[in-house]
Each structure stands twice: as C-alpha cells, then as structure tokens.
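See below for input36.csv, which holds CSV, C-alpha atoms.
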chain,number,residue,atom,x,y,z
A,4,MET,CA,25.4,-68.7,45.7
A,5,THR,CA,27.1,-65.8,47.5
A,6,ARG,CA,26.5,-63.6,44.5
A,7,ALA,CA,22.8,-64.5,44.3
A,8,ARG,CA,22.5,-63.6,48.0
A,9,ALA,CA,24.4,-60.3,47.4
A,10,LEU,CA,21.7,-59.2,44.9
A,11,ARG,CA,19.3,-58.8,47.8
A,12,THR,CA,20.9,-55.4,48.4
A,13,ARG,CA,19.4,-54.3,45.1
A,14,CYS,CA,15.9,-54.4,46.6
A,15,LEU,CA,14.2,-51.4,48.1
A,16,GLY,CA,12.5,-53.5,50.7
A,17,ALA,CA,9.4,-52.7,52.6
A,18,ALA,CA,10.7,-49.4,54.1
A,19,GLY,CA,11.8,-48.1,50.8
A,20,ILE,CA,8.7,-49.1,48.9
A,21,GLY,CA,6.7,-47.4,51.7
A,22,GLU,CA,8.6,-44.2,51.1
A,23,VAL,CA,7.9,-44.3,47.4
A,24,ALA,CA,4.2,-44.9,48.0
A,25,ALA,CA,4.1,-42.0,50.5
A,26,ALA,CA,5.9,-39.5,48.3
A,27,GLY,CA,2.7,-37.7,47.5
A,28,THR,CA,3.6,-37.0,43.8
A,29,LEU,CA,5.2,-38.9,41.1
A,30,ASP,CA,8.1,-36.4,40.8
A,31,ALA,CA,8.8,-36.8,44.5
A,32,ALA,CA,8.8,-40.6,44.2
A,33,LEU,CA,11.2,-40.4,41.2
A,34,ARG,CA,13.6,-38.2,43.3
A,35,TYR,CA,13.6,-40.8,45.9
A,36,LEU,CA,14.3,-43.6,43.4
A,37,ALA,CA,17.2,-41.5,42.0
A,38,ASN,CA,19.2,-42.7,45.0
A,39,THR,CA,18.3,-46.4,44.8
A,40,PRO,CA,19.2,-49.3,42.6
A,41,TYR,CA,16.2,-48.3,40.4
A,42,ARG,CA,17.7,-44.9,39.5
A,43,HIS,CA,18.4,-45.7,35.9
A,44,ASP,CA,16.0,-43.9,33.5
A,45,VAL,CA,13.7,-42.5,36.2
A,46,GLY,CA,14.6,-38.9,35.9
A,47,PRO,CA,12.2,-35.9,36.5
A,48,GLY,CA,9.4,-35.7,34.0
A,49,ALA,CA,9.0,-39.5,33.5
A,50,THR,CA,5.4,-40.8,33.2
A,51,VAL,CA,4.1,-43.4,35.6
A,52,ALA,CA,4.3,-46.0,32.8
A,53,GLY,CA,7.8,-44.9,31.8
A,54,ALA,CA,9.0,-45.1,35.4
A,55,GLN,CA,7.4,-48.5,35.9
A,56,ARG,CA,9.0,-49.8,32.8
A,57,ALA,CA,12.4,-48.5,34.0
A,58,VAL,CA,11.9,-50.4,37.2
A,59,SER,CA,11.2,-53.6,35.2
A,60,ALA,CA,14.3,-52.9,33.0
A,61,THR,CA,16.4,-52.7,36.1
A,62,LEU,CA,15.1,-56.0,37.3
A,63,LEU,CA,15.9,-57.5,33.9
A,64,TRP,CA,19.5,-56.2,34.1
A,65,HIS,CA,19.9,-57.8,37.5
A,66,LEU,CA,18.6,-61.1,36.1
A,67,ARG,CA,21.0,-60.9,33.2
A,68,VAL,CA,23.9,-60.3,35.5
A,69,LEU,CA,22.8,-63.2,37.8
A,70,ALA,CA,22.5,-65.5,34.8
A,71,GLY,CA,26.0,-64.6,33.7
A,72,TRP,CA,27.3,-65.9,37.0
A,73,GLN,CA,25.6,-69.3,36.7
A,74,PRO,CA,26.5,-72.6,35.2
A,75,ALA,CA,24.2,-73.8,32.4
A,76,THR,CA,21.5,-75.2,34.6
A,77,GLY,CA,21.2,-72.0,36.7
A,78,ALA,CA,21.2,-69.9,33.6
A,79,ASP,CA,18.4,-72.0,32.1
A,80,ALA,CA,16.4,-71.6,35.2
A,81,ILE,CA,16.7,-67.8,35.2
A,82,ARG,CA,15.8,-67.8,31.5
A,83,ALA,CA,12.6,-69.6,32.2
A,84,LEU,CA,11.8,-67.3,35.1
A,85,ALA,CA,12.5,-64.2,33.0
A,86,SER,CA,10.2,-65.3,30.1
A,87,GLY,CA,7.8,-62.5,30.8
A,88,PHE,CA,10.2,-60.0,29.3
A,89,GLU,CA,10.3,-61.8,25.9
A,90,LEU,CA,6.5,-62.2,26.1
A,91,SER,CA,6.1,-58.5,26.7
A,92,ASN,CA,8.3,-57.7,23.7
A,93,THR,CA,6.3,-60.0,21.5
A,94,GLU,CA,3.0,-58.5,22.6
A,95,HIS,CA,4.1,-55.0,21.7
A,96,HIS,CA,5.5,-56.2,18.4
A,97,LEU,CA,2.3,-58.0,17.5
A,98,ARG,CA,0.1,-55.0,18.3
A,99,THR,CA,2.2,-52.9,15.9
A,100,LEU,CA,1.9,-55.6,13.2
A,101,ALA,CA,-1.9,-55.8,13.8
A,102,ALA,CA,-2.5,-52.1,13.5
A,103,ASP,CA,-4.0,-50.8,10.3
A,104,PRO,CA,-1.4,-48.7,8.5
A,105,ARG,CA,-4.1,-47.2,6.3
A,106,ARG,CA,-5.6,-45.4,9.3
A,107,PRO,CA,-3.6,-42.3,10.4
A,108,GLY,CA,-2.5,-42.8,14.0
A,109,SER,CA,-3.6,-46.4,14.1
A,110,THR,CA,0.0,-47.7,14.7
A,111,PRO,CA,0.4,-47.9,18.5
A,112,LEU,CA,3.5,-46.3,20.0
A,113,HIS,CA,5.5,-48.7,22.1
A,114,PRO,CA,8.7,-48.3,24.1
A,115,PRO,CA,11.8,-50.0,22.6
A,116,PRO,CA,11.9,-53.7,23.4
A,117,TYR,CA,13.6,-55.0,26.5
A,118,ARG,CA,17.2,-55.9,25.9
A,119,LEU,CA,17.2,-59.6,26.7
A,120,GLY,CA,20.8,-60.6,25.9
A,121,ALA,CA,21.4,-64.3,26.8
A,122,LEU,CA,17.9,-64.5,28.4
A,123,ALA,CA,16.2,-64.5,25.0
A,124,THR,CA,14.8,-67.7,23.5
A,125,ALA,CA,13.2,-66.7,20.2
A,126,TRP,CA,13.0,-62.9,20.3
A,127,THR,CA,15.6,-62.3,17.6
A,128,ARG,CA,13.5,-64.3,15.1
A,129,LEU,CA,10.2,-62.9,16.4
A,130,ALA,CA,11.4,-59.3,16.0
A,131,ARG,CA,12.0,-59.9,12.3
A,132,THR,CA,8.4,-61.0,11.6
A,133,ARG,CA,6.2,-58.7,9.5
A,134,THR,CA,2.7,-60.1,9.8
A,135,PRO,CA,0.7,-61.7,12.6
A,136,SER,CA,0.6,-65.0,10.8
A,137,GLU,CA,4.3,-65.0,10.4
A,138,LEU,CA,4.8,-64.3,14.0
A,139,ARG,CA,2.5,-67.2,14.9
A,140,ALA,CA,4.5,-69.5,12.7
A,141,THR,CA,7.7,-68.4,14.3
A,142,LEU,CA,6.3,-69.0,17.7
A,143,ALA,CA,5.1,-72.5,16.6
A,144,ALA,CA,8.6,-73.3,15.5
A,145,SER,CA,10.2,-72.2,18.8
A,146,VAL,CA,10.1,-73.4,22.4
A,147,TRP,CA,6.9,-71.3,22.9
A,148,GLY,CA,4.8,-73.5,20.6
A,149,ASP,CA,1.8,-72.7,18.6
A,150,PRO,CA,-0.5,-70.2,20.4
A,151,GLY,CA,-3.5,-71.5,18.4
A,152,GLY,CA,-4.2,-68.1,16.7
A,153,ASP,CA,-2.5,-64.9,15.6
A,154,SER,CA,-4.7,-62.4,17.4
A,155,PRO,CA,-3.2,-60.4,20.3
A,156,ALA,CA,-5.4,-62.3,22.8
A,157,ALA,CA,-4.6,-65.7,21.4
A,158,VAL,CA,-0.8,-65.0,21.4
A,159,ALA,CA,-0.8,-63.4,24.8
A,160,THR,CA,-2.7,-66.3,26.4
A,161,GLY,CA,-0.9,-69.0,24.5
A,162,MET,CA,2.5,-67.6,25.5
A,163,ARG,CA,1.6,-67.3,29.1
A,164,VAL,CA,0.4,-70.9,29.3
A,165,SER,CA,3.5,-72.1,27.5
A,166,ALA,CA,5.7,-70.1,29.9
A,167,ALA,CA,4.0,-71.6,33.0
A,168,LEU,CA,4.4,-75.1,31.7
A,169,ARG,CA,8.0,-74.6,30.7
A,170,LEU,CA,8.8,-73.1,34.1
A,171,ALA,CA,7.2,-76.0,36.0
A,172,ILE,CA,9.3,-78.4,34.0
A,173,ALA,CA,12.6,-76.5,34.0
A,174,VAL,CA,12.5,-75.2,37.6
A,175,PRO,CA,11.0,-77.7,40.0
A,176,ASP,CA,11.4,-75.2,42.8
A,177,ALA,CA,9.0,-72.9,41.0
A,178,ALA,CA,6.5,-75.5,39.9
A,179,ARG,CA,4.0,-74.3,42.6
A,180,TRP,CA,4.3,-70.7,41.4
A,181,ALA,CA,3.8,-71.8,37.8
A,182,ALA,CA,0.7,-73.9,38.5
A,183,ALA,CA,-1.0,-71.3,40.7
A,184,ARG,CA,-0.3,-68.5,38.2
A,185,LEU,CA,-1.7,-70.6,35.4
A,186,ALA,CA,-4.8,-71.3,37.5
A,187,LEU,CA,-5.3,-67.5,38.0
A,188,LEU,CA,-4.8,-66.9,34.3
A,189,PHE,CA,-7.4,-69.6,33.3
A,190,CYS,CA,-9.9,-68.2,35.8
A,191,ARG,CA,-9.7,-64.7,34.4
A,192,GLU,CA,-9.9,-65.8,30.8
A,193,VAL,CA,-12.8,-68.3,31.2
A,194,PHE,CA,-14.8,-67.2,34.2
A,195,VAL,CA,-14.3,-63.4,34.3
A,196,ILE,CA,-13.7,-62.4,30.7
A,197,GLY,CA,-15.7,-65.3,29.3
A,198,ARG,CA,-13.2,-65.9,26.5
A,199,ARG,CA,-12.6,-69.4,25.1
A,200,MET,CA,-8.9,-70.3,24.7
A,201,PRO,CA,-7.6,-72.0,21.6
A,202,ASP,CA,-7.7,-75.8,21.8
A,203,VAL,CA,-4.0,-76.2,21.7
A,204,THR,CA,-3.6,-73.8,24.6
A,205,VAL,CA,-6.3,-75.6,26.6
A,206,ARG,CA,-4.5,-78.9,26.1
A,207,ARG,CA,-1.2,-77.3,27.2
A,208,ALA,CA,-2.9,-75.9,30.3
A,209,ALA,CA,-4.4,-79.3,31.1
A,210,ARG,CA,-0.9,-80.7,31.5
A,211,LEU,CA,-0.3,-78.5,34.5
A,212,LEU,CA,-3.8,-78.1,35.9
A,213,GLY,CA,-5.4,-81.5,35.0
A,214,PRO,CA,-8.2,-82.3,32.6
A,215,ARG,CA,-10.9,-82.1,35.2
A,216,ALA,CA,-10.1,-78.6,36.1
A,217,ILE,CA,-9.9,-77.4,32.5
A,218,ALA,CA,-13.2,-79.1,31.7
A,219,ALA,CA,-15.1,-77.5,34.7
A,220,GLY,CA,-18.2,-75.6,33.8
A,221,SER,CA,-18.1,-73.2,36.8
A,222,TYR,CA,-15.5,-71.4,38.9
A,223,ALA,CA,-16.5,-73.4,42.0
A,224,ASP,CA,-16.0,-76.7,40.1
A,225,PHE,CA,-12.7,-75.5,38.7
A,226,ARG,CA,-11.3,-74.6,42.1
A,227,GLN,CA,-12.4,-77.9,43.5
A,228,ALA,CA,-10.7,-79.9,40.7
A,229,LEU,CA,-7.3,-78.1,40.8
A,230,PRO,CA,-4.2,-80.0,42.0
A,231,THR,CA,-2.8,-79.1,45.3
A,232,THR,CA,0.0,-77.2,43.6
A,233,ALA,CA,-2.5,-74.6,42.4
A,234,ARG,CA,-5.5,-74.9,44.7
A,235,TRP,CA,-3.8,-73.1,47.6
A,236,LEU,CA,-4.0,-69.8,45.7
A,237,LEU,CA,-7.8,-69.8,45.5
A,238,ASP,CA,-8.5,-70.9,49.1
A,239,ASP,CA,-11.4,-68.9,50.6
A,240,ILE,CA,-11.8,-67.0,47.3
A,241,ASP,CA,-15.4,-68.0,46.6
A,242,GLU,CA,-16.1,-65.7,43.7
A,243,ALA,CA,-14.1,-65.2,40.5
A,244,THR,CA,-14.6,-61.4,40.8
A,245,ASP,CA,-12.3,-61.5,43.9
A,246,LEU,CA,-9.3,-62.9,42.1
A,247,TRP,CA,-7.3,-59.7,42.8
A,248,ARG,CA,-6.8,-61.2,46.3
A,249,ALA,CA,-5.2,-64.2,44.7
A,250,GLU,CA,-2.8,-62.0,42.8
A,251,ALA,CA,-1.6,-60.5,46.1
A,252,ARG,CA,-1.4,-63.9,47.7
A,253,TRP,CA,0.7,-65.3,44.8
A,254,TRP,CA,3.3,-62.6,45.1
A,255,ASP,CA,3.5,-63.0,48.9
A,256,ALA,CA,4.1,-66.8,48.4
A,257,VAL,CA,6.8,-66.2,45.8
A,258,GLU,CA,8.6,-63.8,48.2
A,259,ARG,CA,8.3,-66.3,51.1
A,260,ASP,CA,9.5,-69.2,49.0
A,261,GLY,CA,12.3,-67.1,47.5
A,262,ARG,CA,13.7,-66.1,50.8
A,263,GLU,CA,13.7,-69.7,51.9
A,264,LEU,CA,15.5,-70.8,48.7
A,265,LEU,CA,18.1,-68.1,49.4
A,266,ARG,CA,18.7,-69.4,52.9
A,267,ARG,CA,19.6,-72.9,51.6
A,268,SER,CA,23.3,-73.6,51.8
A,269,HIS,CA,23.8,-76.4,49.3
A,270,PHE,CA,25.0,-75.9,45.8
A,271,GLY,CA,22.6,-75.8,42.8
A,272,PRO,CA,20.2,-73.3,41.2
A,273,GLN,CA,18.1,-72.8,44.3
A,274,PRO,CA,19.8,-69.6,45.6
A,275,ALA,CA,19.6,-68.1,42.1
A,276,VAL,CA,15.9,-69.0,41.8
A,277,GLY,CA,15.3,-67.4,45.2
A,278,ALA,CA,17.2,-64.3,44.2
A,279,VAL,CA,15.0,-63.9,41.1
A,280,ALA,CA,11.9,-64.4,43.2
A,281,VAL,CA,12.9,-61.7,45.8
A,282,LEU,CA,14.0,-59.2,43.2
A,283,SER,CA,10.9,-59.7,41.1
A,284,VAL,CA,8.6,-59.2,44.1
A,285,ASP,CA,10.4,-56.0,45.0
A,286,ALA,CA,10.2,-54.6,41.5
A,287,TRP,CA,6.4,-55.5,41.3
A,288,ARG,CA,5.7,-53.7,44.6
A,289,THR,CA,7.9,-50.7,43.6
A,290,ARG,CA,5.8,-50.3,40.4
A,291,GLY,CA,2.7,-50.4,42.5
A,292,ALA,CA,4.1,-47.8,44.9
A,293,LEU,CA,4.8,-45.5,41.9
A,294,GLU,CA,1.2,-45.7,40.9
A,295,LEU,CA,0.1,-44.8,44.5
A,296,ALA,CA,2.5,-41.9,44.6
A,297,ALA,CA,1.1,-40.6,41.3
A,298,ARG,CA,-2.4,-40.7,42.8
A,299,GLY,CA,-1.4,-38.6,45.8
A,300,GLY,CA,0.4,-41.2,48.0
A,301,GLY,CA,-0.4,-42.3,51.5
A,302,PRO,CA,1.3,-43.1,54.8
A,303,ALA,CA,4.7,-44.6,54.6
A,304,ASN,CA,3.6,-47.4,56.9
A,305,TRP,CA,0.7,-48.5,54.7
A,306,PRO,CA,0.5,-52.3,54.8
A,307,ALA,CA,1.5,-54.5,51.9
A,308,GLU,CA,-2.1,-55.2,51.1
A,309,VAL,CA,-2.6,-51.6,50.1
A,310,LEU,CA,0.2,-51.8,47.6
A,311,ASP,CA,-1.0,-55.1,46.3
A,312,ALA,CA,-4.5,-53.7,45.8
A,313,SER,CA,-3.2,-50.9,43.7
A,314,ARG,CA,-2.4,-53.2,40.8

Full structure transcribed into structure tokens:
Amino acid sequence: MTRARALRTRCLGAAGIGEVAAAGTLDAALRYLANTPYRHDVGPGATVAGAQRAVSATLLWHLRVLAGWQPATGADAIRALASGFELSNTEHHLRTLAADPRRPGSTPLHPPPYRLGALATAWTRLARTRTPSELRATLAASVWGDPGGDSPAAVATGMRVSAALRLAIAVPDAARWAAARLALLFCREVFVIGRRMPDVTVRRAARLLGPRAIAAGSYADFRQALPTTARWLLDDIDEATDLWRAEARWWDAVERDGRELLRRSHFGPQPAVGAVAVLSVDAWRTRGALELAARGGGPANWPAEVLDASR
C-alpha cells in the first residue's frame, strides 16, 4: 500500500503537463521531460510518436515494478489493467503479418514490442505466429478468446472487448471503467464507423452492456438501454459524433476514482489499482501535451479540457 502511494511521485501532475504543453516546440518539451520520470528514451530528435511511446513504456515499467510488489491477487489486477500493452503488441504484429511481402515497402515499420515481463498473458505465443489465421487460433486458445476473425479490425475490436470483460470480472473496483470504456468502443464501431462486429465479440460485449443495448438500432436507443455502470459516460452527449467528450470524461473519472482508491487505508488490491489509474491518466495527458507542444504549444495554464481535446 505504501509503495503504491509512493508511485504518485512518478507523475508529472497538472503543472508539469502544462509546462510540456506550453513548451512551444517538441524539442523544448523533450528537454523538459529529460528532468522528469519520463526521461528515458526521450532525447533530442525524437519524433512525437517516438516520445509518446517512450512515455507509455515508462508507464509500463512502473506497472511492472508495482506488480512485483504485490501478492498474487494484486499482480493479477495490475495484469488486467495493463492488458492494453499486450493488445498493442499484437496489433503491430498482425499488421506486419497481414502486409503483402511481394509489394516493395508494403511491410509496415513498427517499434519493438513493449517488454511486458510478468504482465504478459499470451504474448510469447502470439509473437511466434506467422500468419493472421495462426494468430487468431492462438488468441482463441488463450484468455483473450476468439476475436471472430483474423483481420486487423476484428482482432483489435475483439481483444478490446475481451479486455473490458476480463477487467470487470478480475478487478471489481474497475468494473465501472470497463463497462463505460466498452460502451464508448461499441458506439464508435457501430454508430460512427458503421462496422459490424463479429458475432462472438457482440455476445461477449452483451455480457457487460446487456442484450438490449447491443441490439439497439440507434445511438439514442443504445444510450438509453445501457446499465448504470456505463450510462454515466454518455450523459448529455446526444450525438455519437460528440463522443470525444466522453473520452475526456472517462479519463477524468478514472483519475478521480483512482485517487479515492489510493486514499483507502485497508489492505487489498485497491491502492495498487488506484496507483495504476493515476499513473495511466498522467501518462495519457503527457502524451497529449507532447502533441500540443509539437503543434506550437499554448499557455501553461491551459485547462485539462484543452489537453483532452488534443487526442
């Protein structure tokens, strides 16, 4: 518990994030980060994407350290919360597998995979796959489950739905985050992009959002049918095109809930879950601040909504 709380010192906080956003240039922002917990791999000359990935890698390292301090239940909770890193590795790997090797330059260039350590669930096996169909089969035999297809879209959506469901089950304190995040994903896929999810993924999503919401024919009906654990995210968002506001609201709620979990004094995984939440929000906002700096920056006292809107 004490160690989880100590990790709060690894955050930039609102003032530091404001300084990054106000730096005016990416190089200036990187010079600032060089004296912060995000200093690893953010030297001069880094691209925005490279610097943002370095921030994410620093977050992952902190989560690995935190998991190492936990008993089994706490480590399992952090592994569920950190599933996005394995998902990212898998997405990059699949894009490489799906590229046409007969076309010069068709193989996409990706950064090396995140080093997951004990936070991995199936990555070692996934990394050895050589075709999209083999990757799908490996997912189906793992805790991720069958994504219902081997296209990049099917795998990405299937893994995100699976991650939300597993998080809600494994970490009750994060169930509200998982349900709301899944509602946001479903809205974007169905009502913004207009893409049908594979049936197996739809059935998995229904376990968290309910069959009425999943079967809704419009965004308005979907929002109305959501359980209370997810409906709060879409309050007063009347159009699916305004979902970016829900994204910012979700991160604000995760930060608020995370700080409350950190304040709890009893033993259990709650302080660790809170630390993961606070660290993750800080990293997300820092990545957004880097984007703003690269665009010319802005006042150091810009409100959080400005950083949120830059995503």

Of the candidates A:His65, A:Gly161, A:Arg210, A:Ala32, which one gets nearest to Val281 (chain A) if we count all atoms listed in the file?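 Of A:His65, A:Gly161, A:Arg210, A:Ala32, the one nearest Val281 (chain A) is A:His65, counting all atoms listed in the file.
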
Applying 10 Å and only C-alpha atoms, which residues near Met162 (chain A) remain after dropping the ones on its own chain fewer than 3 positions away? List them as a PyMOL selection string. chain A and resi 86-87+89-91+93-94+142+147-150+156-159+165-168+204

Any chance you could tabulate, as a Markdown table, the residues of region 188-257 of chain A at most 9 Å from region 282-302 of chain A with each one's nearest atom pair and distance in Å to one decimal, using all atoms listed in the file, in chain and rising number order?
| residue | atom | partner | partner_atom | distance |
| --- | --- | --- | --- | --- |
| A:Trp254 | CA | A:Val284 | CA | 6.4 |
| A:Asp255 | CA | A:Val284 | CA | 8.0 |
| A:Val257 | CA | A:Val284 | CA | 7.4 |

Enumerate, as a PyMOL selection string, the protein, DNA and RNA residues whose atoms approach (-4.2, -71.6, 40.0) to within 7 Å, taking into account all atoms listed in the file and the coordinate frame of the file. chain A and resi 182-187+233-234+236-237

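Of note, CA of Leu63 (chain A) and CA of Gln273 (chain A) are spaced 18.6 Å apart.
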
What is the CA of Leu62 (chain A) to CA of Arg267 (chain A) distance in Å?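 CA of Leu62 (chain A) sits 22.6 Å away from CA of Arg267 (chain A).
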
Extending 3 Å beyond the listed atoms of region 75-86 of chain A on each side, what axis-aligned box results? I want centre and edge lengths in Å to one decimal, as JSON.
{"center_x": 17.2, "center_y": -69.7, "center_z": 33.4, "size_x": 20.0, "size_y": 17.0, "size_z": 12.6}

Counting only C-alpha atoms, the option among A:Ala243, A:Val146, A:Ala171, A:Gly151 closest to Arg206 (chain A):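 Between A:Ala243, A:Val146, A:Ala171, A:Gly151, the residue approaching Arg206 (chain A) most closely is A:Gly151.
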
Identify which of the residues A:Arg248, A:Arg34, A:Arg56, A:Arg139 lies closest to His113 (chain A), counting all atoms listed in the file when measuring atom-to-atom distances.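 Of all the options, A:Arg56 lies closest to His113 (chain A).
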
CA of Arg226 (chain A) to CA of Met200 (chain A) measures 18.1 Å

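For the point (-17.7, -71.3, 43.3), the residues with at least one atom inside 9 Å, counting all atoms listed in the file, are Ser221, Tyr222, Ala223, Asp224, Phe225, Arg226, Gln227, Ile240, Asp241, Glu242 and Ala243 of chain A.
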
Which one is closest to Leu100 (chain A): A:Gly261, A:Pro214, A:Pro155, A:Gly53? Count only C-alpha atoms.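 When distances to Leu100 (chain A) are compared using only C-alpha atoms, the smallest one comes from A:Pro155.
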
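Using only C-alpha atoms, the shortest contact distance between Asp176 (chain A) and any of A:Glu192, A:Glu137, A:Asp245, A:Asp260 is found at A:Asp260.
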
Test item: residues at most 9 Å from Leu33 (chain A), only C-alpha atoms, excluding those fewer than 6 positions along its chain, as number ranges by chain: A: 23, 26, 42, 45-49, 54, 293

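Near Ile81 (chain A), within 8 Å and counting only C-alpha atoms, sit Leu66, Ala70, Gly77, Ala78, Leu84, Ala85, Leu122, Ala275, Val276 and Val279 of chain A; same-chain residues fewer than 3 positions away were not included.
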
Produce region 62-73 of chain A of the given structure as output with N, CA, C and O atoms, as a CSV table (one decimal), in the first residue's frame.
chain,number,residue,atom,x,y,z
A,62,LEU,N,5.4,4.2,-18.3
A,62,LEU,CA,4.2,3.8,-17.5
A,62,LEU,C,4.3,2.3,-17.3
A,62,LEU,O,4.1,1.8,-16.2
A,63,LEU,N,4.6,1.5,-18.4
A,63,LEU,CA,4.6,0.1,-18.3
A,63,LEU,C,5.6,-0.4,-17.3
A,63,LEU,O,5.4,-1.3,-16.5
A,64,TRP,N,6.8,0.3,-17.3
A,64,TRP,CA,7.8,-0.1,-16.3
A,64,TRP,C,7.4,0.1,-14.9
A,64,TRP,O,7.6,-0.7,-14.0
A,65,HIS,N,6.7,1.2,-14.7
A,65,HIS,CA,6.2,1.5,-13.3
A,65,HIS,C,5.1,0.4,-12.9
A,65,HIS,O,5.1,0.0,-11.8
A,66,LEU,N,4.3,0.0,-13.9
A,66,LEU,CA,3.3,-1.1,-13.6
A,66,LEU,C,4.0,-2.4,-13.3
A,66,LEU,O,3.5,-3.2,-12.4
A,67,ARG,N,5.1,-2.7,-14.0
A,67,ARG,CA,5.8,-3.9,-13.7
A,67,ARG,C,6.4,-3.9,-12.4
A,67,ARG,O,6.4,-4.9,-11.6
A,68,VAL,N,7.0,-2.8,-12.0
A,68,VAL,CA,7.5,-2.6,-10.6
A,68,VAL,C,6.5,-2.8,-9.6
A,68,VAL,O,6.6,-3.5,-8.6
A,69,LEU,N,5.3,-2.1,-9.8
A,69,LEU,CA,4.2,-2.2,-8.8
A,69,LEU,C,3.7,-3.7,-8.7
A,69,LEU,O,3.5,-4.1,-7.6
A,70,ALA,N,3.6,-4.4,-9.8
A,70,ALA,CA,3.1,-5.7,-9.8
A,70,ALA,C,4.1,-6.6,-9.0
A,70,ALA,O,3.6,-7.6,-8.3
A,71,GLY,N,5.4,-6.3,-9.1
A,71,GLY,CA,6.3,-7.1,-8.4
A,71,GLY,C,6.3,-7.0,-6.9
A,71,GLY,O,6.7,-7.9,-6.2
A,72,TRP,N,5.6,-5.9,-6.5
A,72,TRP,CA,5.5,-5.7,-5.0
A,72,TRP,C,4.2,-6.4,-4.5
A,72,TRP,O,4.0,-6.4,-3.2
A,73,GLN,N,3.4,-6.9,-5.3
A,73,GLN,CA,2.0,-7.3,-4.9
A,73,GLN,C,2.0,-8.8,-4.7
A,73,GLN,O,2.7,-9.6,-5.2
